[in-house]
Every structure is written in C-alpha cells, then in structure tokens.
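See below for query35.txt, which holds compact mmCIF, C-alpha atoms and all ligand atoms.
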```
# COMPACT_ATOMS: atom_id res chain seq x y z
CA MET A 1 15.02 31.23 84.18
CA THR A 2 12.83 28.10 84.16
CA PRO A 3 12.58 26.53 87.62
CA ALA A 4 14.39 23.19 88.02
CA VAL A 5 12.13 20.15 87.65
CA PRO A 6 11.86 18.37 91.04
CA LYS A 7 13.34 14.87 91.04
CA PHE A 8 12.50 11.60 92.76
CA PHE A 9 14.46 8.44 93.49
CA ILE A 10 12.84 5.11 94.44
CA GLN A 11 14.76 2.21 95.97
CA THR A 12 12.78 -1.04 95.76
CA PHE A 13 13.26 -4.16 97.88
CA GLY A 14 11.42 -7.46 97.52
CA CYS A 15 9.03 -9.08 95.13
CA GLN A 16 7.50 -8.28 91.76
CA MET A 17 4.45 -6.80 93.49
CA ASN A 18 6.78 -4.24 95.08
CA GLU A 19 8.42 -3.56 91.71
CA HIS A 20 4.97 -2.98 90.32
CA ASP A 21 3.95 -0.66 93.18
CA SER A 22 7.18 1.31 92.64
CA PHE A 23 6.32 1.64 88.98
CA ARG A 24 2.88 2.97 89.91
CA MET A 25 4.39 5.42 92.40
CA SER A 26 6.82 6.70 89.81
CA GLU A 27 3.93 7.20 87.35
CA ILE A 28 2.03 9.16 89.98
CA LEU A 29 5.08 11.31 90.79
CA LYS A 30 5.70 12.00 87.10
CA HIS A 31 2.06 13.01 86.80
CA CYS A 32 2.68 15.49 89.63
CA GLY A 33 5.56 17.10 87.69
CA PHE A 34 8.53 15.12 89.05
CA GLU A 35 11.31 13.57 87.02
CA ALA A 36 13.04 10.29 87.90
CA THR A 37 16.73 10.25 88.83
CA ASP A 38 19.15 7.37 89.44
CA CYS A 39 21.08 9.46 91.91
CA PRO A 40 19.69 9.86 95.46
CA SER A 41 21.88 12.93 96.08
CA GLN A 42 20.02 14.80 93.30
CA ALA A 43 16.52 13.81 94.45
CA ASP A 44 13.98 16.05 96.14
CA VAL A 45 11.90 13.04 97.17
CA ILE A 46 13.39 9.66 98.11
CA LEU A 47 11.10 6.68 98.56
CA ILE A 48 12.15 3.31 99.93
CA ASN A 49 9.67 0.63 98.96
CA THR A 50 10.28 -2.06 101.53
CA CYS A 51 9.88 -5.82 101.97
CA SER A 52 9.54 -7.58 105.33
CA VAL A 53 9.24 -11.17 104.11
CA ARG A 54 12.76 -11.86 105.40
CA ARG A 55 14.84 -10.22 108.10
CA ASN A 56 17.80 -9.30 105.91
CA PRO A 57 16.04 -6.91 103.49
CA GLN A 58 14.33 -5.29 106.48
CA ASN A 59 17.71 -4.69 108.16
CA LYS A 60 18.98 -3.16 104.92
CA VAL A 61 16.14 -0.61 105.00
CA PHE A 62 17.18 0.66 108.41
CA SER A 63 20.83 0.89 107.42
CA LEU A 64 19.84 2.78 104.26
CA LEU A 65 17.77 5.19 106.33
CA GLY A 66 20.88 5.86 108.45
CA GLN A 67 22.77 6.91 105.30
CA LEU A 68 19.89 9.10 104.13
CA ARG A 69 19.86 10.90 107.49
CA ARG A 70 23.29 12.33 106.60
CA LEU A 71 22.01 13.42 103.18
CA LYS A 72 19.05 15.17 104.77
CA LYS A 73 21.36 17.06 107.14
CA SER A 74 22.97 18.74 104.14
CA ARG A 75 19.62 19.21 102.34
CA PRO A 76 16.87 19.81 104.92
CA ASN A 77 14.13 20.16 102.25
CA LEU A 78 14.68 16.61 101.06
CA ILE A 79 11.52 14.50 101.65
CA ILE A 80 12.13 10.89 102.69
CA GLY A 81 9.36 8.27 102.63
CA VAL A 82 9.13 4.62 103.59
CA ALA A 83 6.50 2.62 101.70
CA GLY A 84 5.60 -1.07 101.42
CA CYS A 85 5.46 -3.91 103.92
CA VAL A 86 7.98 -2.68 106.53
CA ALA A 87 6.09 0.61 106.55
CA GLN A 88 2.81 -1.25 107.08
CA GLN A 89 4.32 -3.38 109.83
CA GLU A 90 6.32 -0.76 111.73
CA GLY A 91 4.23 2.38 111.04
CA GLU A 92 4.74 5.06 113.70
CA ASN A 93 7.87 3.23 115.02
CA ILE A 94 9.81 4.27 111.91
CA LEU A 95 9.10 7.95 112.58
CA ARG A 96 10.13 7.48 116.20
CA CYS A 97 13.40 5.67 115.34
CA GLU A 98 14.43 7.78 112.35
CA ARG A 99 14.02 11.53 112.54
CA ALA A 100 14.88 11.98 108.86
CA VAL A 101 11.72 10.17 107.68
CA ASP A 102 8.77 12.37 106.72
CA MET A 103 6.20 9.85 105.57
CA VAL A 104 5.40 6.18 106.15
CA PHE A 105 2.68 4.44 104.19
CA GLY A 106 1.63 0.85 103.56
CA PRO A 107 1.02 -0.79 100.16
CA ASP A 108 -2.66 0.25 100.16
CA HIS A 109 -1.83 3.96 100.12
CA TYR A 110 0.58 4.65 97.27
CA PHE A 111 -2.18 6.18 95.15
CA ARG A 112 -2.51 8.88 97.86
CA LEU A 113 1.06 10.04 97.27
CA PRO A 114 0.12 13.55 95.99
CA GLU A 115 -1.97 14.19 99.10
CA ILE A 116 0.72 12.75 101.41
CA LEU A 117 3.41 14.97 99.82
CA GLU A 118 1.16 18.00 100.24
CA ARG A 119 0.73 17.27 103.94
CA VAL A 120 4.52 16.80 104.37
CA ARG A 121 5.18 20.13 102.62
CA LYS A 122 2.87 21.76 105.18
CA GLY A 123 5.09 20.41 107.95
CA GLU A 124 3.28 17.21 108.93
CA ARG A 125 4.97 13.83 109.44
CA VAL A 126 2.49 11.39 107.89
CA VAL A 127 1.75 7.76 108.79
CA LEU A 128 -0.85 5.83 106.79
CA THR A 129 -1.14 2.15 107.64
CA ASN A 130 -4.87 1.55 107.97
CA ARG A 131 -6.24 -1.12 105.66
CA THR A 132 -8.20 -0.01 102.59
CA ASP A 133 -9.53 -2.97 100.70
CA ASP A 134 -10.99 -0.69 98.04
CA ILE A 135 -7.49 -0.03 96.63
CA TYR A 136 -8.31 -1.51 93.22
CA GLU A 137 -11.61 0.31 93.03
CA ARG A 138 -9.58 3.45 93.66
CA VAL A 139 -6.82 2.58 91.24
CA ASP A 140 -9.27 1.57 88.49
CA ASN A 141 -11.98 4.15 88.95
CA PHE A 142 -10.67 7.19 90.76
CA ILE A 143 -7.23 7.67 89.25
CA PRO A 144 -7.60 9.67 86.03
CA ASP A 145 -7.78 7.45 82.95
CA ASN A 146 -4.44 8.45 81.52
CA TRP A 147 -2.67 7.15 84.66
CA LEU A 148 -4.24 3.73 84.26
CA GLU A 149 -3.78 3.74 80.51
CA ALA A 150 -0.06 4.11 81.15
CA GLY A 151 -0.13 0.52 82.48
CA HIS A 152 3.09 -1.11 83.61
CA VAL A 153 4.88 -1.90 80.35
CA GLU A 154 8.65 -2.43 80.30
CA GLY A 155 10.00 -3.11 76.82
CA CYS A 156 7.75 -5.84 75.45
CA LYS A 157 6.46 -7.00 78.86
CA ALA A 158 3.44 -5.81 80.81
CA TYR A 159 2.94 -6.46 84.52
CA VAL A 160 -0.67 -6.53 85.63
CA VAL A 161 -1.79 -7.05 89.22
CA ILE A 162 -4.94 -9.19 89.40
CA MET A 163 -5.28 -9.50 93.17
CA LYS A 164 -3.51 -8.57 96.37
CA GLY A 165 -3.19 -10.00 99.85
CA CYS A 166 -3.54 -13.53 101.11
CA ASN A 167 -5.91 -15.52 103.34
CA ASN A 168 -3.63 -18.49 103.88
CA PHE A 169 -1.64 -17.54 106.99
CA CYS A 170 1.33 -19.80 106.40
CA ALA A 171 3.06 -19.93 109.76
CA PHE A 172 6.25 -18.17 108.59
CA CYS A 173 4.75 -15.45 106.42
CA VAL A 174 4.03 -11.78 107.09
CA VAL A 175 2.04 -11.17 103.89
CA PRO A 176 -1.47 -11.57 105.38
CA HIS A 177 -0.40 -9.10 108.09
CA THR A 178 1.23 -6.52 105.81
CA ARG A 179 -0.76 -6.82 102.55
CA GLY A 180 -3.99 -7.86 104.24
CA ARG A 181 -6.66 -10.31 103.07
CA GLU A 182 -7.27 -11.18 99.43
CA VAL A 183 -8.84 -8.51 97.26
CA CYS A 184 -9.39 -9.21 93.55
CA ARG A 185 -9.62 -6.66 90.75
CA GLU A 186 -12.61 -6.67 88.48
CA PRO A 187 -11.97 -8.82 85.39
CA GLN A 188 -13.02 -6.14 82.89
CA ASN A 189 -10.44 -3.72 84.35
CA ILE A 190 -7.71 -6.37 84.14
CA LEU A 191 -8.61 -7.24 80.54
CA ARG A 192 -8.82 -3.56 79.59
CA GLU A 193 -5.37 -2.89 81.06
CA ILE A 194 -3.84 -5.86 79.21
CA LYS A 195 -5.44 -4.90 75.87
CA THR A 196 -4.14 -1.34 76.27
CA ALA A 197 -0.67 -2.68 77.05
CA VAL A 198 -0.78 -4.86 73.92
CA GLU A 199 -1.81 -1.83 71.83
CA LYS A 200 1.27 -0.07 73.25
CA GLY A 201 3.55 -2.91 72.13
CA ALA A 202 3.47 -5.47 74.95
CA LYS A 203 3.96 -9.03 73.71
CA GLU A 204 4.12 -10.76 77.07
CA VAL A 205 1.96 -10.22 80.15
CA TRP A 206 2.66 -11.21 83.74
CA LEU A 207 -0.42 -11.69 85.95
CA LEU A 208 0.67 -10.80 89.46
CA GLY A 209 -0.74 -11.53 92.89
CA GLN A 210 0.35 -13.06 96.19
CA ASN A 211 -1.82 -16.08 95.45
CA VAL A 212 -3.17 -15.86 91.90
CA ASN A 213 -4.94 -19.23 92.07
CA SER A 214 -7.37 -17.74 94.59
CA TYR A 215 -8.54 -15.15 92.08
CA ARG A 216 -12.34 -14.96 92.09
CA ALA A 217 -14.40 -11.97 90.98
CA HIS A 218 -17.77 -11.57 89.29
CA GLY A 219 -18.13 -15.33 88.94
CA MET A 220 -14.72 -15.63 87.28
CA THR A 221 -12.05 -17.94 88.66
CA PHE A 222 -8.35 -17.78 87.87
CA TYR A 223 -8.94 -20.50 85.26
CA ASN A 224 -11.56 -18.33 83.49
CA LEU A 225 -9.35 -15.25 83.65
CA LEU A 226 -6.27 -17.06 82.36
CA ASP A 227 -8.36 -18.59 79.59
CA GLU A 228 -9.57 -15.14 78.46
CA VAL A 229 -6.18 -13.47 78.77
CA SER A 230 -4.51 -16.23 76.78
CA GLN A 231 -6.79 -15.47 73.82
CA ILE A 232 -6.18 -11.71 73.60
CA ASP A 233 -5.23 -10.76 70.06
CA GLY A 234 -1.61 -9.75 69.63
CA LEU A 235 -0.45 -11.22 72.95
CA LEU A 236 2.28 -13.81 72.41
CA ARG A 237 3.03 -14.94 75.94
CA VAL A 238 1.29 -15.14 79.33
CA ARG A 239 3.00 -15.84 82.65
CA PHE A 240 1.66 -15.65 86.20
CA THR A 241 2.97 -15.71 89.78
CA SER A 242 2.63 -16.82 92.56
CA SER A 243 0.62 -20.01 92.80
CA HIS A 244 -0.16 -22.01 95.94
CA PRO A 245 0.22 -25.80 95.57
CA LYS A 246 -2.98 -26.49 97.54
CA ASP A 247 -4.97 -24.35 95.09
CA TRP A 248 -3.27 -25.66 91.96
CA ASP A 249 -5.74 -27.68 89.98
CA ASN A 250 -5.00 -30.16 87.19
CA THR A 251 -7.46 -28.29 84.96
CA LEU A 252 -4.94 -25.41 85.00
CA SER A 253 -2.29 -27.84 83.75
CA ASP A 254 -4.70 -28.84 80.97
CA LEU A 255 -5.27 -25.20 80.06
CA MET A 256 -1.50 -24.56 79.97
CA ALA A 257 -1.11 -27.51 77.62
CA GLU A 258 -3.94 -26.34 75.34
CA ARG A 259 -3.06 -22.66 75.02
CA PRO A 260 0.18 -21.96 73.13
CA THR A 261 0.34 -18.43 74.59
CA ILE A 262 0.58 -19.68 78.20
CA CYS A 263 4.28 -20.23 78.78
CA ASN A 264 5.65 -23.60 79.83
CA GLN A 265 6.77 -22.23 83.13
CA LEU A 266 5.36 -22.47 86.65
CA HIS A 267 6.56 -21.18 90.00
CA LEU A 268 5.10 -23.50 92.63
CA PRO A 269 6.51 -22.80 96.10
CA LEU A 270 7.33 -26.00 98.01
CA GLN A 271 8.97 -24.55 101.18
CA SER A 272 9.73 -28.04 102.56
CA GLY A 273 9.69 -31.65 101.38
CA SER A 274 8.65 -32.97 104.80
CA ASN A 275 4.97 -33.49 105.62
CA ARG A 276 5.63 -32.78 109.29
CA ILE A 277 7.22 -29.41 108.47
CA LEU A 278 4.56 -28.58 105.85
CA ASP A 279 1.94 -29.17 108.55
CA LEU A 280 3.79 -26.93 111.04
CA MET A 281 4.04 -24.31 108.29
CA ASN A 282 0.25 -24.54 107.80
CA ARG A 283 0.70 -25.16 104.08
CA ARG A 284 -2.40 -27.40 104.01
CA HIS A 285 -1.16 -29.94 101.50
CA THR A 286 1.04 -33.00 101.66
CA ILE A 287 4.18 -33.68 99.68
CA GLU A 288 2.35 -36.57 97.95
CA GLU A 289 -0.36 -34.16 96.72
CA TYR A 290 2.29 -31.69 95.52
CA LEU A 291 4.20 -34.35 93.60
CA GLU A 292 1.03 -35.79 92.10
CA LYS A 293 0.16 -32.34 90.65
CA ILE A 294 3.70 -31.92 89.31
CA ARG A 295 3.63 -35.37 87.69
CA TYR A 296 0.32 -34.57 86.00
CA LEU A 297 1.68 -31.25 84.74
CA LYS A 298 4.89 -32.84 83.44
CA ASN A 299 2.83 -35.46 81.71
CA ARG A 300 0.79 -32.78 79.91
CA LEU A 301 3.76 -30.49 79.21
CA HIS A 302 6.99 -32.41 78.76
CA ASP A 303 9.17 -29.29 78.50
CA ILE A 304 7.67 -27.45 81.51
CA GLU A 305 10.22 -25.48 83.56
CA LEU A 306 9.46 -25.33 87.28
CA SER A 307 10.79 -23.05 89.97
CA THR A 308 10.17 -23.01 93.70
CA ASP A 309 10.86 -21.43 97.10
CA ILE A 310 12.48 -23.39 99.93
CA ILE A 311 12.99 -22.42 103.57
CA VAL A 312 15.74 -24.32 105.40
CA GLY A 313 15.99 -24.48 109.17
CA PHE A 314 12.30 -23.97 109.98
CA PRO A 315 11.73 -24.64 113.74
CA THR A 316 12.31 -28.32 114.64
CA GLU A 317 13.53 -29.24 111.12
CA THR A 318 15.56 -32.45 111.48
CA GLU A 319 18.23 -33.80 109.16
CA GLU A 320 15.59 -36.30 107.99
CA ASP A 321 13.12 -33.49 107.15
CA PHE A 322 15.82 -31.64 105.25
CA GLU A 323 16.81 -34.74 103.29
CA ALA A 324 13.15 -35.13 102.27
CA THR A 325 13.41 -31.65 100.73
CA LEU A 326 16.56 -32.65 98.83
CA ARG A 327 14.74 -35.73 97.50
CA VAL A 328 11.97 -33.51 96.07
CA LEU A 329 14.60 -31.37 94.31
CA GLU A 330 16.04 -34.53 92.79
CA GLU A 331 12.64 -35.75 91.62
CA VAL A 332 11.17 -32.47 90.32
CA ARG A 333 14.41 -31.05 88.90
CA TYR A 334 13.51 -27.38 89.16
CA SER A 335 15.15 -24.87 86.85
CA GLN A 336 15.40 -22.37 89.69
CA VAL A 337 15.19 -22.62 93.48
CA PHE A 338 14.88 -19.52 95.66
CA SER A 339 16.23 -20.82 98.97
CA PHE A 340 16.43 -19.01 102.29
CA LYS A 341 17.43 -19.63 105.86
CA TYR A 342 14.43 -19.35 108.17
CA SER A 343 14.17 -16.18 110.25
CA PRO A 344 11.18 -15.43 112.52
CA ARG A 345 8.94 -12.60 111.30
CA PRO A 346 6.82 -10.43 113.57
CA ASN A 347 3.19 -11.44 114.26
CA THR A 348 3.53 -14.81 112.55
CA ARG A 349 2.63 -18.12 114.18
CA ALA A 350 6.15 -19.45 113.64
CA ALA A 351 7.58 -16.53 115.63
CA GLU A 352 6.00 -18.13 118.72
CA MET A 353 7.92 -21.37 118.07
CA PRO A 354 11.50 -21.73 119.31
CA ASP A 355 13.94 -20.74 116.52
CA ASP A 356 15.89 -23.84 117.52
CA ILE A 357 18.01 -24.67 114.47
CA PRO A 358 21.51 -23.23 115.01
CA GLN A 359 22.68 -20.71 112.37
CA LYS A 360 25.59 -22.99 111.53
CA VAL A 361 23.21 -25.85 110.71
CA LYS A 362 20.92 -23.56 108.68
CA GLU A 363 23.92 -22.31 106.72
CA GLU A 364 25.26 -25.80 106.12
CA ARG A 365 21.83 -27.04 104.89
CA LEU A 366 21.44 -24.02 102.63
CA GLN A 367 24.84 -24.68 101.05
CA ARG A 368 24.02 -28.37 100.46
CA LEU A 369 20.74 -27.38 98.84
CA ILE A 370 22.39 -24.76 96.62
CA HIS A 371 25.09 -27.25 95.64
CA LEU A 372 22.51 -29.88 94.63
CA GLN A 373 20.46 -27.34 92.67
CA GLU A 374 23.55 -26.12 90.82
CA LYS A 375 24.35 -29.67 89.81
CA ILE A 376 20.78 -30.25 88.56
CA ASN A 377 20.71 -26.93 86.72
CA GLY A 378 24.11 -27.60 85.13
CA GLU A 379 22.79 -30.89 83.73
CA GLN A 380 19.63 -29.20 82.48
CA ILE A 381 21.51 -26.39 80.73
CA GLN A 382 23.77 -28.92 79.03
CA SER A 383 20.71 -30.76 77.68
CA TYR A 384 19.59 -27.60 75.81
CA ILE A 385 22.55 -27.69 73.45
CA GLY A 386 21.38 -28.55 69.93
CA THR A 387 17.69 -27.84 70.67
CA VAL A 388 15.64 -25.10 68.99
CA GLN A 389 13.92 -22.70 71.38
CA SER A 390 11.30 -20.03 70.82
CA VAL A 391 12.86 -16.82 72.23
CA LEU A 392 11.23 -13.45 72.88
CA ILE A 393 13.82 -10.68 72.50
CA ASP A 394 13.66 -8.31 75.46
CA GLY A 395 16.83 -6.19 75.30
CA SER A 396 20.48 -5.82 74.36
CA HIS A 397 23.60 -6.97 76.13
CA LEU A 398 24.87 -4.25 78.48
CA ARG A 399 28.38 -4.13 77.01
CA ASP A 400 27.77 -5.16 73.39
CA SER A 401 24.64 -3.95 71.61
CA ARG A 402 25.22 -6.47 68.80
CA ILE A 403 24.25 -9.19 71.26
CA LYS A 404 20.52 -9.44 71.94
CA ASN A 405 18.97 -10.90 75.10
CA GLY A 406 15.79 -12.90 75.25
CA ARG A 407 13.94 -15.57 77.19
CA THR A 408 12.80 -19.05 76.27
CA GLU A 409 9.24 -20.07 77.08
CA GLY A 410 10.62 -21.72 80.20
CA TYR A 411 12.14 -18.34 81.18
CA ARG A 412 15.77 -19.24 80.60
CA PRO A 413 17.88 -16.27 79.51
CA VAL A 414 19.44 -16.52 76.04
CA LYS A 415 22.11 -14.43 74.26
CA ILE A 416 21.99 -14.20 70.46
CA ARG A 417 24.56 -12.46 68.27
CA ASP A 418 22.37 -10.67 65.74
CA ALA A 419 22.25 -6.88 65.56
CA GLY A 420 19.11 -6.96 63.38
CA LEU A 421 16.84 -8.26 66.13
CA LYS A 422 14.65 -5.86 68.08
CA VAL A 423 12.74 -5.95 71.35
CA GLY A 424 9.45 -7.85 70.91
CA ASP A 425 10.70 -10.17 68.13
CA LEU A 426 9.77 -13.81 68.70
CA VAL A 427 12.35 -15.99 66.98
CA ASN A 428 13.50 -19.59 66.80
CA VAL A 429 17.01 -20.00 68.15
CA ARG A 430 19.32 -23.00 67.94
CA ILE A 431 21.17 -23.34 71.24
CA THR A 432 24.90 -23.72 70.67
CA GLY A 433 26.36 -23.32 74.14
CA PHE A 434 26.04 -21.61 77.50
CA GLU A 435 27.89 -19.34 79.89
CA ASN A 436 26.92 -19.58 83.57
CA HIS A 437 23.10 -19.52 83.58
CA TRP A 438 22.83 -17.98 80.10
CA LEU A 439 22.12 -20.06 77.03
CA GLU A 440 23.81 -18.95 73.81
CA GLY A 441 22.40 -19.49 70.36
CA VAL A 442 22.03 -18.52 66.72
CA LEU A 443 18.94 -17.75 64.69
CA GLN A 444 17.45 -20.88 63.19
S1 LIG A 501 0.32 -18.39 100.56
FE1 LIG A 501 1.46 -18.44 102.48
S2 LIG A 501 3.55 -17.83 101.85
FE2 LIG A 501 2.18 -17.22 100.17
S3 LIG A 501 1.65 -15.09 100.64
FE3 LIG A 501 0.03 -16.38 101.53
S4 LIG A 501 0.66 -16.70 103.67
FE4 LIG A 501 2.48 -15.97 102.52
```
Can you present the structure in this file as structure tokens?
Amino acid sequence: MTPAVPKFFIQTFGCQMNEHDSFRMSEILKHCGFEATDCPSQADVILINTCSVRRNPQNKVFSLLGQLRRLKKSRPNLIIGVAGCVAQQEGENILRCERAVDMVFGPDHYFRLPEILERVRKGERVVLTNRTDDIYERVDNFIPDNWLEAGHVEGCKAYVVIMKGCNNFCAFCVVPHTRGREVCREPQNILREIKTAVEKGAKEVWLLGQNVNSYRAHGMTFYNLLDEVSQIDGLLRVRFTSSHPKDWDNTLSDLMAERPTICNQLHLPLQSGSNRILDLMNRRHTIEEYLEKIRYLKNRLHDIELSTDIIVGFPTETEEDFEATLRVLEEVRYSQVFSFKYSPRPNTRAAEMPDDIPQKVKEERLQRLIHLQEKINGEQIQSYIGTVQSVLIDGSHLRDSRIKNGRTEGYRPVKIRDAGLKVGDLVNVRITGFENHWLEGVLQ
C-alpha cells in the first residue's frame, strides 16, 4: 500500500505580501512532498500566516488557535505553526499562551520551513524571530532554481516582491517593527522572475513591497525598475503597491502616462485629510502636497482610478480634522477606500498617546465615511455605462461558467457573458450596466 501523502493547510490574514509569503510557503511544502488541502481537519501541518497591522485580525488568530487546540487533542501528531507579523511580534509568548503551537516564525524565516519542520518532528518547539536582512539573497540564490522558477503566478497574474520592510515609522504602524527595515531585491532577479512568469502565461504583473517607491538597488530607482518592467515583451499590464505619498514623484505620473502597459490605477494611502493629524502620524507630507501630486496625475491620466487607506479616530482627532478627511474624499473621488477605526498597536509611537476618541465616535465617523464613499462610487459606476473598457479576463463566474470575470485597467471588476473567452484574453468591452460593485458588459 502506498503511504498517504502528507497534507498542509494555510490560513492567511492580511495584505498581499502575506498572500505572497503563503504562496511561497506552499511551494516549499509541496517541494517537501506535501499536498495542499482546503480542510484543516485533514491536514498534517497547519500554518496560520498572521497580520498585526490591526487589532481585529490579531484577535482572530488567537481565537483560531483555540479551535485548533481541540483538533490537536484528537490528532496529537498534527503540527501547528504561526508565521507572519504576529509571530514576529509575539514570538515566545505564543508558545507560552498556546500549548498546541509547535513553531513560531517571522516573515524572514519562511524559506527555512523544511528545517523548522525537521526540528519539530524531533520534539523541539521552535521560535525564529531574529531579523535576517539577507532573505532575498537566500530566496534568490540559495533556494534551488526550480523553486524560484515556479514564481507566484495565479491564472494570468504574477505577484513579484521587489522589496520588504519600511524605514518610515508612521506613528500607528507596526510594519517597521515586524517586517524590519527596507531591503530591496536585486533588479536582475526581479526581471528574471517576471520574464519567467510571462513565459508561463502571465499577462499582468504586480510589483509588491511595503513601500515600493523607496526601491533602490544597484543604482536603480523604482522609476528605472518600473520603466524596464513595463517594456518586457509579452507583458500586457503592470500594477504596483503600496506607494507612500511623500515618495511619490511627478516623474512617475509621467511614466504612467507614457507607458500603455502601466495600468491607470494607483493606491496612495492618505490616512487623514488633516495636516495636524498627518504630522502626529509622522507621515511627513502635507495635505496640500498630496493633493498637488494627485492633481498632476489626474491631469496626465484623465481616467486614473485611485484608492486609499484612511484611519478614523486617531488620537486627538477632532470633528474638524475628520471633516477635512471627508473633503479630500470629495475632491479626489477615490474608486476604493480601505477605512479602519484606529486601534493602538504594540511598540508604535501612537500607542504612547492616549487612545482618547470614544469607540462610539470612531464608529460613527467610520459609518459617515463609508456612506460618503458609497455615494461617490455609485456615481462613478453609473458614469461607466456606455463606455468601452479594456478588460483582462481572469476567471469564470463561480455559479455560471458562461459568465467570464475580468478587470478594467482601473481595476474595476467586470462580468461578461461570453463562454468563448479564456483567462488571459485582453478584450474591449462595452459597459451596459452594473450590479453592486461589478460592471457588466458585452464584447465590443
Ligand atoms: S509607510 Fe508608514 S504605514 Fe506604510 S508600512 Fe511604512 S510605517 Fe507602515
């Protein structure tokens, strides 16, 4: 009888960087002979890839670990690991609080998964949270070629990390503490990974990093890298995230306007529309500077779609500060706003400030902001009707395979009724209507 193939299950919280790290971990586990499963009760190894940017996802991790404790009681050989930013932040504490956990490792250590599993099998409980800024050197040079060649391609999209960490120390943010300082990958490794992904069928690439505008390696800036990537043969679309407003440069807007492959889409986190709050947040730019950059960009790219992050209820935020944020929403007219109530995060400068905005006020401001954004987005969606959009097909509708899903350049989701389309097709679509946030259209 052939022995059963061991299975793994990964639960991911947080950002695209975490999604990417989970993808890498699953590649490593597959390379070690594991098979993925969607069902935790069938897994031999369960990994929780965590996010500590906000308090809620962190709380969810601990409640999930409580459930897994019961699973481990019935299957004592089950290996449970906590990876990512909560692991980096809490380290040893997780092992102390949760007996069921066997391994805890920060984002710099996922490539050591085979060695960590080996140590756990020998009876050790492993914690790895020291900083290793040579992670990309390891990923690019020490992992066997076929692991890297695999790249992170999903359908027609490739996700490529260009840098990690952040040097900005925004007052509310744990990233510099959990992901460490900025480390950039070598440009030739990034370009090689993208070209390989394109050979494997990728049509769109996402350049990922906590602060991509800070990219600098071997004399190349983010501008130079984006310029080169945008000219790779066979690549139809380039997107990138996240950008910091203080590092956004009008020359990048010019490049976006000049290169048809760079999508008309930008995520530029605002956080607050009040200069006083921006200063307390240590964002190091004013609202006037932010708006000036946006106006320049809109002038160069009339159909640019913008998205942002907003925190409501930061310490000392007054009604006047909050209304300044609402005014920016009205002026910029974002297509998407990721809005959150402020919660203090460990080791951050803001955690030393009094969290003095009552929950009720935070909630009320959040609802007003969501309401305004829904109104703006409703008007924007309506204005698409009758227009022709370039759409990259990226999948089928879950319940009806005759309906194909795709994205406009501005990253709006579109449904098209045409069974002949396949993933990776770039087509012109006339928009005929919408349902919630989805545009609907027919082939032009
Ligand atoms: S720029 Fe600020 S918010 Fe963004 S990752 Fe760095 S510290 Fe965090």
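From CA of Thr308 in chain A back to CA of Pro358 in chain A, the distance works out to 24.1 Å.
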**Request:** Might you pull out every residue within 12 Å of Val86 in chain A, with all atoms listed in the file counted and same-chain residues fewer than 6 positions away left off, and present them as a PyMOL selection string?
**Result:** chain A and resi 12-14+18+48-62+92-94+104-107+129+174-175+177-179+345-346
May I ask you to write as a PDB file with C-alpha atoms, in the frame of the given file all residues lying at most 9 Å from ligand LIG 501 (chain A), with only C-alpha atoms and all ligand atoms counted?
```
ATOM      1  CA  VAL A  53       9.240 -11.170 104.110  1.00  0.00           C
ATOM      2  CA  GLY A 165      -3.190 -10.000  99.850  1.00  0.00           C
ATOM      3  CA  CYS A 166      -3.540 -13.530 101.110  1.00  0.00           C
ATOM      4  CA  ASN A 167      -5.910 -15.520 103.340  1.00  0.00           C
ATOM      5  CA  ASN A 168      -3.630 -18.490 103.880  1.00  0.00           C
ATOM      6  CA  PHE A 169      -1.640 -17.540 106.990  1.00  0.00           C
ATOM      7  CA  CYS A 170       1.330 -19.800 106.400  1.00  0.00           C
ATOM      8  CA  ALA A 171       3.060 -19.930 109.760  1.00  0.00           C
ATOM      9  CA  PHE A 172       6.250 -18.170 108.590  1.00  0.00           C
ATOM     10  CA  CYS A 173       4.750 -15.450 106.420  1.00  0.00           C
ATOM     11  CA  VAL A 174       4.030 -11.780 107.090  1.00  0.00           C
ATOM     12  CA  VAL A 175       2.040 -11.170 103.890  1.00  0.00           C
ATOM     13  CA  PRO A 176      -1.470 -11.570 105.380  1.00  0.00           C
ATOM     14  CA  HIS A 177      -0.400  -9.100 108.090  1.00  0.00           C
ATOM     15  CA  ARG A 179      -0.760  -6.820 102.550  1.00  0.00           C
ATOM     16  CA  GLY A 209      -0.740 -11.530  92.890  1.00  0.00           C
ATOM     17  CA  GLN A 210       0.350 -13.060  96.190  1.00  0.00           C
ATOM     18  CA  ASN A 211      -1.820 -16.080  95.450  1.00  0.00           C
ATOM     19  CA  SER A 242       2.630 -16.820  92.560  1.00  0.00           C
ATOM     20  CA  SER A 243       0.620 -20.010  92.800  1.00  0.00           C
ATOM     21  CA  HIS A 244      -0.160 -22.010  95.940  1.00  0.00           C
ATOM     22  CA  PRO A 245       0.220 -25.800  95.570  1.00  0.00           C
ATOM     23  CA  PRO A 269       6.510 -22.800  96.100  1.00  0.00           C
ATOM     24  CA  GLN A 271       8.970 -24.550 101.180  1.00  0.00           C
ATOM     25  CA  MET A 281       4.040 -24.310 108.290  1.00  0.00           C
ATOM     26  CA  ASN A 282       0.250 -24.540 107.800  1.00  0.00           C
ATOM     27  CA  ARG A 283       0.700 -25.160 104.080  1.00  0.00           C
TER      28      ARG A 283
END
```
**Request:** Choose the residue, out of A:Val414, A:Ile79, A:Ala217, A:Val5, that has the smallest atom-to-atom separation from Cys32 in chain A; count only C-alpha atoms.
**Result:** A:Val5
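Take CA of Arg284 in chain A and CA of Lys246 in chain A: the distance between them is 6.6 Å.
If you look at CA of Ser307 in chain A and CA of Ala83 in chain A, they are 28.5 Å away from each other.
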**Complete:** Of A:Tyr411, A:Phe240, A:Phe8, A:Tyr334, the one sitting nearest Glu379 in chain A when using all atoms listed in the file is A:Tyr334
Extending 6 Å beyond the listed atoms of range 68-85 of chain A on each side, what axis-aligned box results? I want centre and edge lengths in Å to one decimal, as JSON.
```
{"center_x": 14.4, "center_y": 8.1, "center_z": 104.3, "size_x": 29.8, "size_y": 36.1, "size_z": 18.4}
```
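In terms of minimum interatomic distance to Val161 in chain A, A:Leu208 ranks closest within A:Val183, A:Ala202, A:Leu301, A:Leu208, counting all atoms listed in the file.
Using all atoms listed in the file for every distance, the candidate list A:Asn275, A:Ser343, A:Asn250, A:Thr286 yields A:Asn250 as the residue closest to Arg300 in chain A.
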**Message:** So that I can check the surroundings of Ser396 in chain A, please list as a PyMOL selection string every protein, DNA and RNA residue that reaches within 7 Å of it, counting all atoms listed in the file and ignoring chain neighbours fewer than 6 positions away.
**Reply:** chain A and resi 403-405
**Complete:** Residue with the minimum atom-to-atom distance to Asn377 in chain A, picked from A:His109, A:Arg69, A:Arg333, A:Arg96 with only C-alpha atoms counted, is A:Arg333
